[in-house]
>>> print(open('data37.cif').read())   # mmCIF, C-alpha atoms, pLDDT in the B column; chains and numbers go by the auth columns
data_target
loop_
_atom_site.group_PDB
_atom_site.id
_atom_site.type_symbol
_atom_site.label_atom_id
_atom_site.label_comp_id
_atom_site.label_asym_id
_atom_site.label_seq_id
_atom_site.Cartn_x
_atom_site.Cartn_y
_atom_site.Cartn_z
_atom_site.B_iso_or_equiv
_atom_site.auth_seq_id
_atom_site.auth_asym_id
ATOM 1 C CA MET A 1 -8.749 -7.650 -10.094 45.00 114 A
ATOM 2 C CA VAL A 2 -7.381 -10.705 -8.325 46.00 115 A
ATOM 3 C CA GLY A 3 -7.300 -11.388 -4.608 48.00 116 A
ATOM 4 C CA VAL A 4 -9.764 -8.828 -3.287 50.00 117 A
ATOM 5 C CA PRO A 5 -10.660 -9.933 0.253 53.00 118 A
ATOM 6 C CA GLU A 6 -14.167 -10.191 1.600 60.00 119 A
ATOM 7 C CA SER A 7 -15.445 -7.222 3.591 62.00 120 A
ATOM 8 C CA HIS A 8 -14.599 -7.235 7.275 65.00 121 A
ATOM 9 C CA SER A 9 -16.054 -5.683 10.391 73.00 122 A
ATOM 10 C CA GLY A 10 -14.287 -5.099 13.679 79.00 123 A
ATOM 11 C CA TRP A 11 -10.720 -4.131 14.390 84.00 124 A
ATOM 12 C CA THR A 12 -7.655 -5.211 12.432 84.00 125 A
ATOM 13 C CA PHE A 13 -3.915 -5.154 13.033 87.00 126 A
ATOM 14 C CA ILE A 14 -2.989 -3.088 9.990 89.00 127 A
ATOM 15 C CA THR A 15 -4.086 0.524 9.443 92.00 128 A
ATOM 16 C CA SER A 16 -5.537 1.864 6.205 94.00 129 A
ATOM 17 C CA HIS A 17 -2.405 3.972 5.733 96.00 130 A
ATOM 18 C CA ALA A 18 -0.210 0.858 5.921 94.00 131 A
ATOM 19 C CA ARG A 19 -2.490 -1.020 3.507 94.00 132 A
ATOM 20 C CA VAL A 20 -2.405 1.801 0.953 97.00 133 A
ATOM 21 C CA LEU A 21 1.372 2.136 1.248 96.00 134 A
ATOM 22 C CA ALA A 22 1.775 -1.635 0.811 95.00 135 A
ATOM 23 C CA ALA A 23 -0.483 -1.632 -2.266 95.00 136 A
ATOM 24 C CA ILE A 24 1.632 1.125 -3.799 96.00 137 A
ATOM 25 C CA ALA A 25 4.904 -0.592 -2.860 95.00 138 A
ATOM 26 C CA ASP A 26 3.572 -3.755 -4.505 94.00 139 A
ATOM 27 C CA ASN A 27 2.713 -1.877 -7.722 95.00 140 A
ATOM 28 C CA PRO A 28 4.015 1.696 -8.185 96.00 141 A
ATOM 29 C CA HIS A 29 1.757 2.133 -11.257 96.00 142 A
ATOM 30 C CA ILE A 30 -1.448 1.142 -9.424 96.00 143 A
ATOM 31 C CA ARG A 31 -4.531 3.319 -9.910 96.00 144 A
ATOM 32 C CA ILE A 32 -6.402 4.871 -7.000 96.00 145 A
ATOM 33 C CA ARG A 33 -9.467 2.895 -8.062 97.00 146 A
ATOM 34 C CA ASP A 34 -7.535 -0.366 -7.724 97.00 147 A
ATOM 35 C CA ILE A 35 -6.024 0.620 -4.375 97.00 148 A
ATOM 36 C CA ALA A 36 -9.518 1.411 -3.106 96.00 149 A
ATOM 37 C CA ALA A 37 -10.841 -1.989 -4.192 95.00 150 A
ATOM 38 C CA ARG A 38 -7.847 -3.862 -2.784 93.00 151 A
ATOM 39 C CA CYS A 39 -7.942 -2.040 0.554 93.00 152 A
ATOM 40 C CA ARG A 40 -11.752 -1.918 0.806 92.00 153 A
ATOM 41 C CA LEU A 41 -11.753 1.883 1.002 94.00 154 A
ATOM 42 C CA THR A 42 -13.388 4.633 -1.015 96.00 155 A
ATOM 43 C CA GLU A 43 -11.371 6.377 -3.705 96.00 156 A
ATOM 44 C CA ARG A 44 -11.733 9.586 -1.726 97.00 157 A
ATOM 45 C CA ALA A 45 -10.267 7.938 1.388 96.00 158 A
ATOM 46 C CA VAL A 46 -7.358 6.559 -0.649 98.00 159 A
ATOM 47 C CA SER A 47 -6.662 10.024 -2.114 97.00 160 A
ATOM 48 C CA ARG A 48 -6.641 11.497 1.393 98.00 161 A
ATOM 49 C CA ILE A 49 -4.287 8.769 2.660 98.00 162 A
ATOM 50 C CA ILE A 50 -1.933 9.250 -0.292 98.00 163 A
ATOM 51 C CA SER A 51 -1.885 12.976 0.486 98.00 164 A
ATOM 52 C CA ASP A 52 -1.075 12.215 4.154 98.00 165 A
ATOM 53 C CA LEU A 53 1.743 9.871 3.137 97.00 166 A
ATOM 54 C CA GLU A 54 3.175 12.410 0.690 98.00 167 A
ATOM 55 C CA GLN A 55 3.039 15.257 3.211 97.00 168 A
ATOM 56 C CA ALA A 56 4.848 13.066 5.766 96.00 169 A
ATOM 57 C CA GLY A 57 7.538 12.150 3.219 96.00 170 A
ATOM 58 C CA TYR A 58 6.763 8.422 2.948 96.00 171 A
ATOM 59 C CA LEU A 59 5.637 8.660 -0.651 96.00 172 A
ATOM 60 C CA SER A 60 6.026 10.807 -3.756 97.00 173 A
ATOM 61 C CA HIS A 61 4.621 10.597 -7.258 96.00 174 A
ATOM 62 C CA THR A 62 5.312 11.756 -10.774 97.00 175 A
ATOM 63 C CA ARG A 63 2.853 12.117 -13.627 95.00 176 A
ATOM 64 C CA GLU A 64 3.366 10.190 -16.838 93.00 177 A
ATOM 65 C CA GLY A 65 0.577 11.081 -19.193 93.00 178 A
ATOM 66 C CA ARG A 66 -2.648 10.320 -17.382 91.00 179 A
ATOM 67 C CA THR A 67 -1.116 8.009 -14.780 93.00 180 A
ATOM 68 C CA ASN A 68 0.794 8.457 -11.551 95.00 181 A
ATOM 69 C CA ILE A 69 3.971 6.578 -10.777 97.00 182 A
ATOM 70 C CA TYR A 70 4.566 6.376 -7.047 97.00 183 A
ATOM 71 C CA ARG A 71 7.843 6.093 -5.169 97.00 184 A
ATOM 72 C CA VAL A 72 7.964 4.838 -1.595 96.00 185 A
ATOM 73 C CA GLU A 73 10.765 6.184 0.597 96.00 186 A
ATOM 74 C CA PRO A 74 12.005 2.915 2.167 94.00 187 A
ATOM 75 C CA ASP A 75 14.447 4.548 4.604 94.00 188 A
ATOM 76 C CA LYS A 76 11.880 6.874 6.185 94.00 189 A
ATOM 77 C CA VAL A 77 11.355 5.781 9.808 93.00 190 A
ATOM 78 C CA LEU A 78 7.975 4.863 11.224 92.00 191 A
ATOM 79 C CA ARG A 79 6.180 7.556 13.211 89.00 192 A
ATOM 80 C CA HIS A 80 5.216 5.870 16.477 88.00 193 A
ATOM 81 C CA PRO A 81 7.770 6.050 19.332 89.00 194 A
ATOM 82 C CA ALA A 82 7.425 2.283 19.895 89.00 195 A
ATOM 83 C CA GLU A 83 8.915 1.719 16.430 86.00 196 A
ATOM 84 C CA ALA A 84 11.611 4.387 16.809 83.00 197 A
ATOM 85 C CA GLY A 85 14.311 3.928 14.183 88.00 198 A
ATOM 86 C CA LEU A 86 12.470 1.188 12.278 92.00 199 A
ATOM 87 C CA PRO A 87 12.373 2.016 8.539 94.00 200 A
ATOM 88 C CA VAL A 88 9.193 1.711 6.502 93.00 201 A
ATOM 89 C CA ALA A 89 10.963 -0.956 4.411 93.00 202 A
ATOM 90 C CA SER A 90 10.822 -3.303 7.410 91.00 203 A
ATOM 91 C CA LEU A 91 7.054 -2.957 7.626 90.00 204 A
ATOM 92 C CA LEU A 92 6.611 -3.331 3.883 92.00 205 A
ATOM 93 C CA SER A 93 8.717 -6.494 3.846 90.00 206 A
ATOM 94 C CA LEU A 94 5.965 -8.091 5.927 87.00 207 A
ATOM 95 C CA LEU A 95 3.054 -6.704 3.914 87.00 208 A
ATOM 96 C CA VAL A 96 4.175 -6.899 0.286 86.00 209 A
ATOM 97 C CA GLN A 97 4.324 -10.285 -1.356 69.00 210 A
ATOM 98 C CA ASP A 98 7.532 -11.177 -3.092 57.00 211 A
ATOM 99 C CA GLU A 99 6.928 -11.622 -6.815 47.00 212 A
ATOM 100 C CA THR A 100 8.137 -15.244 -6.617 49.00 213 A
ATOM 101 C CA GLU A 101 5.608 -16.002 -3.880 58.00 214 A
ATOM 102 C CA ARG A 102 2.767 -14.393 -5.822 49.00 215 A
ATOM 103 C CA THR A 103 3.417 -16.365 -8.990 49.00 216 A
ATOM 104 C CA ARG A 104 4.212 -19.697 -7.325 55.00 217 A
ATOM 105 C CA LYS A 105 1.584 -22.346 -8.001 56.00 218 A
ATOM 106 C CA PRO A 106 0.120 -24.057 -4.917 58.00 219 A
ATOM 107 C CA VAL A 107 1.459 -27.524 -4.255 56.00 220 A
ATOM 108 C CA ALA A 108 -1.183 -30.240 -4.427 55.00 221 A
ATOM 109 C CA PRO A 109 -1.564 -32.299 -1.208 56.00 222 A
#
>>> encode(input="data37.cif", output="structure tokens")
Amino acid sequence: MVGVPESHSGWTFITSHARVLAAIADNPHIRIRDIAARCRLTERAVSRIISDLEQAGYLSHTREGRTNIYRVEPDKVLRHPAEAGLPVASLLSLLVQDETERTRKPVAP
């Protein structure tokens, strides 16, 4: 797996729920194991977060063989009153790398 960050202690700006949702939005075929590694969470925590997101209507999944394919609901509004009316797509646009950005080679100085 590429790009797994170092472990971190202390507070952060982004919640685990937002990180998991962003990982899924970035790759709808991602495995729970890979989400856990990317987000620095346990697989059990990721499963619980996915369940929370599905119950709240932010996420759904379908089974294809032994894998899950997730679907993020981009028009669902964020829960906190301070973000009233802001769709989840707005948050994800900040957290999910555009494919062109991810594959772009760094420019040498």
>>> atom_distance(input="data37.cif", atom1="atom CA of A:Glu196", atom2="atom CA of A:Leu172")
18.7 Å
>>> residues_around(input="data37.cif", residues="A:Arg179", least_positions_apart="3", cutoff="12 Å", atoms="all atoms listed in the file", output="list in words")
His142, Arg144, Thr175, Arg176 and Ile182 of chain A
>>> resolve_selection(input="data37.cif", expression="the PyMOL selection byres ((chain A and resi 190) around 8)", output="ChimeraX atom specification")
/A:188-189,191-192,197-201
>>> closest_residue(input="data37.cif", among="A:Ser122, A:Leu166, A:Tyr171, A:Asn140", to="A:Arg153", atoms="only C-alpha atoms")
A:Ser122
>>> atom_distance(input="data37.cif", atom1="atom CA of A:His193", atom2="atom CA of A:Asp139")
23.1 Å
>>> resolve_selection(input="data37.cif", expression="the PyMOL selection byres ((chain A and resi 154-159) around 12)", output="PyMOL selection string")
chain A and resi 117-118+120-121+128-134+136-137+143-153+160-166
>>> atom_distance(input="data37.cif", atom1="atom CA of A:Ala202", atom2="atom CA of A:Gly123")
27.2 Å
>>> residues_around(input="data37.cif", residues="A:Val209", least_positions_apart="2", cutoff="6 Å", atoms="only C-alpha atoms", output="VMD selection string")
chain A and resid 135 139 205 to 206
>>> axis_aligned_box(input="data37.cif", around="stretch 139-151 of chain A", padding_each_side="5 Å", output="JSON")
{"center_x": -3.4, "center_y": 0.5, "center_z": -7.0, "size_x": 24.9, "size_y": 18.7, "size_z": 18.5}
>>> decode(input="data37.cif", residues="stretch 181-210 of chain A", atoms="N, CA, C and O atoms", output="short mmCIF file (atom, residue, chain, number, x, y, z; two decimals), in the first residue's frame")
data_model
loop_
_atom_site.label_atom_id
_atom_site.label_comp_id
_atom_site.auth_asym_id
_atom_site.auth_seq_id
_atom_site.Cartn_x
_atom_site.Cartn_y
_atom_site.Cartn_z
N ASN A 181 -17.10 -5.86 -1.38
CA ASN A 181 -18.11 -4.81 -1.27
C ASN A 181 -17.77 -3.70 -2.25
O ASN A 181 -16.60 -3.37 -2.45
N ILE A 182 -18.80 -3.13 -2.85
CA ILE A 182 -18.64 -1.94 -3.65
C ILE A 182 -19.48 -0.87 -2.96
O ILE A 182 -20.68 -1.03 -2.76
N TYR A 183 -18.81 0.20 -2.56
CA TYR A 183 -19.46 1.25 -1.79
C TYR A 183 -19.94 2.37 -2.70
O TYR A 183 -19.38 2.62 -3.77
N ARG A 184 -20.97 3.06 -2.23
CA ARG A 184 -21.49 4.23 -2.94
C ARG A 184 -21.71 5.33 -1.91
O ARG A 184 -22.46 5.17 -0.96
N VAL A 185 -21.02 6.44 -2.11
CA VAL A 185 -21.17 7.61 -1.25
C VAL A 185 -22.32 8.44 -1.79
O VAL A 185 -22.48 8.60 -3.00
N GLU A 186 -23.13 8.96 -0.89
CA GLU A 186 -24.25 9.83 -1.26
C GLU A 186 -23.76 11.28 -1.22
O GLU A 186 -23.76 11.91 -0.16
N PRO A 187 -23.33 11.84 -2.35
CA PRO A 187 -22.68 13.15 -2.36
C PRO A 187 -23.59 14.32 -1.99
O PRO A 187 -23.10 15.36 -1.56
N ASP A 188 -24.90 14.16 -2.14
CA ASP A 188 -25.82 15.26 -1.86
C ASP A 188 -26.31 15.30 -0.42
O ASP A 188 -26.98 16.26 -0.02
N LYS A 189 -25.98 14.27 0.34
CA LYS A 189 -26.38 14.23 1.76
C LYS A 189 -25.67 15.37 2.49
O LYS A 189 -24.48 15.58 2.32
N VAL A 190 -26.41 16.13 3.29
CA VAL A 190 -25.81 17.28 3.98
C VAL A 190 -25.08 16.85 5.25
O VAL A 190 -25.44 15.84 5.87
N LEU A 191 -24.08 17.62 5.60
CA LEU A 191 -23.31 17.34 6.81
C LEU A 191 -24.19 17.54 8.04
O LEU A 191 -25.14 18.30 8.03
N ARG A 192 -23.83 16.86 9.13
CA ARG A 192 -24.70 16.77 10.30
C ARG A 192 -24.63 17.96 11.24
O ARG A 192 -25.61 18.30 11.90
N HIS A 193 -23.50 18.60 11.37
CA HIS A 193 -23.34 19.65 12.37
C HIS A 193 -24.05 20.93 11.94
O HIS A 193 -23.99 21.32 10.77
N PRO A 194 -24.74 21.61 12.86
CA PRO A 194 -25.47 22.84 12.50
C PRO A 194 -24.57 23.92 11.89
O PRO A 194 -25.04 24.72 11.07
N ALA A 195 -23.29 23.94 12.22
CA ALA A 195 -22.39 24.95 11.66
C ALA A 195 -22.18 24.75 10.16
O ALA A 195 -21.81 25.69 9.46
N GLU A 196 -22.39 23.53 9.68
CA GLU A 196 -22.26 23.23 8.25
C GLU A 196 -23.63 23.02 7.61
O GLU A 196 -23.73 22.32 6.60
N ALA A 197 -24.66 23.59 8.17
CA ALA A 197 -26.02 23.39 7.68
C ALA A 197 -26.11 23.64 6.18
O ALA A 197 -25.67 24.68 5.68
N GLY A 198 -26.64 22.66 5.45
CA GLY A 198 -26.83 22.78 4.02
C GLY A 198 -25.63 22.43 3.18
O GLY A 198 -25.73 22.35 1.96
N LEU A 199 -24.47 22.21 3.78
CA LEU A 199 -23.27 21.87 3.03
C LEU A 199 -23.27 20.39 2.71
O LEU A 199 -23.35 19.55 3.59
N PRO A 200 -23.21 20.01 1.42
CA PRO A 200 -23.24 18.59 1.06
C PRO A 200 -21.91 17.90 1.34
O PRO A 200 -20.85 18.54 1.33
N VAL A 201 -21.97 16.60 1.55
CA VAL A 201 -20.77 15.81 1.82
C VAL A 201 -19.79 15.92 0.66
O VAL A 201 -18.57 15.85 0.86
N ALA A 202 -20.26 16.14 -0.55
CA ALA A 202 -19.38 16.29 -1.71
C ALA A 202 -18.41 17.45 -1.53
O ALA A 202 -17.26 17.37 -1.98
N SER A 203 -18.83 18.50 -0.86
CA SER A 203 -17.95 19.64 -0.62
C SER A 203 -16.78 19.26 0.28
O SER A 203 -15.64 19.65 0.04
N LEU A 204 -17.07 18.49 1.31
CA LEU A 204 -16.02 18.01 2.20
C LEU A 204 -15.08 17.07 1.46
O LEU A 204 -13.85 17.19 1.54
N LEU A 205 -15.65 16.14 0.72
CA LEU A 205 -14.84 15.16 0.01
C LEU A 205 -13.96 15.80 -1.05
O LEU A 205 -12.86 15.32 -1.33
N SER A 206 -14.41 16.91 -1.63
CA SER A 206 -13.59 17.58 -2.65
C SER A 206 -12.28 18.08 -2.04
O SER A 206 -11.29 18.21 -2.75
N LEU A 207 -12.27 18.32 -0.75
CA LEU A 207 -11.05 18.74 -0.08
C LEU A 207 -10.17 17.57 0.35
O LEU A 207 -8.96 17.70 0.46
N LEU A 208 -10.79 16.42 0.59
CA LEU A 208 -10.08 15.28 1.16
C LEU A 208 -9.62 14.24 0.15
O LEU A 208 -8.67 13.51 0.41
N VAL A 209 -10.29 14.14 -0.97
CA VAL A 209 -9.99 13.11 -1.96
C VAL A 209 -9.15 13.71 -3.07
O VAL A 209 -9.53 14.72 -3.65
N GLN A 210 -8.02 13.08 -3.32
CA GLN A 210 -7.14 13.57 -4.38
C GLN A 210 -7.74 13.29 -5.74
O GLN A 210 -8.27 12.21 -5.99
#
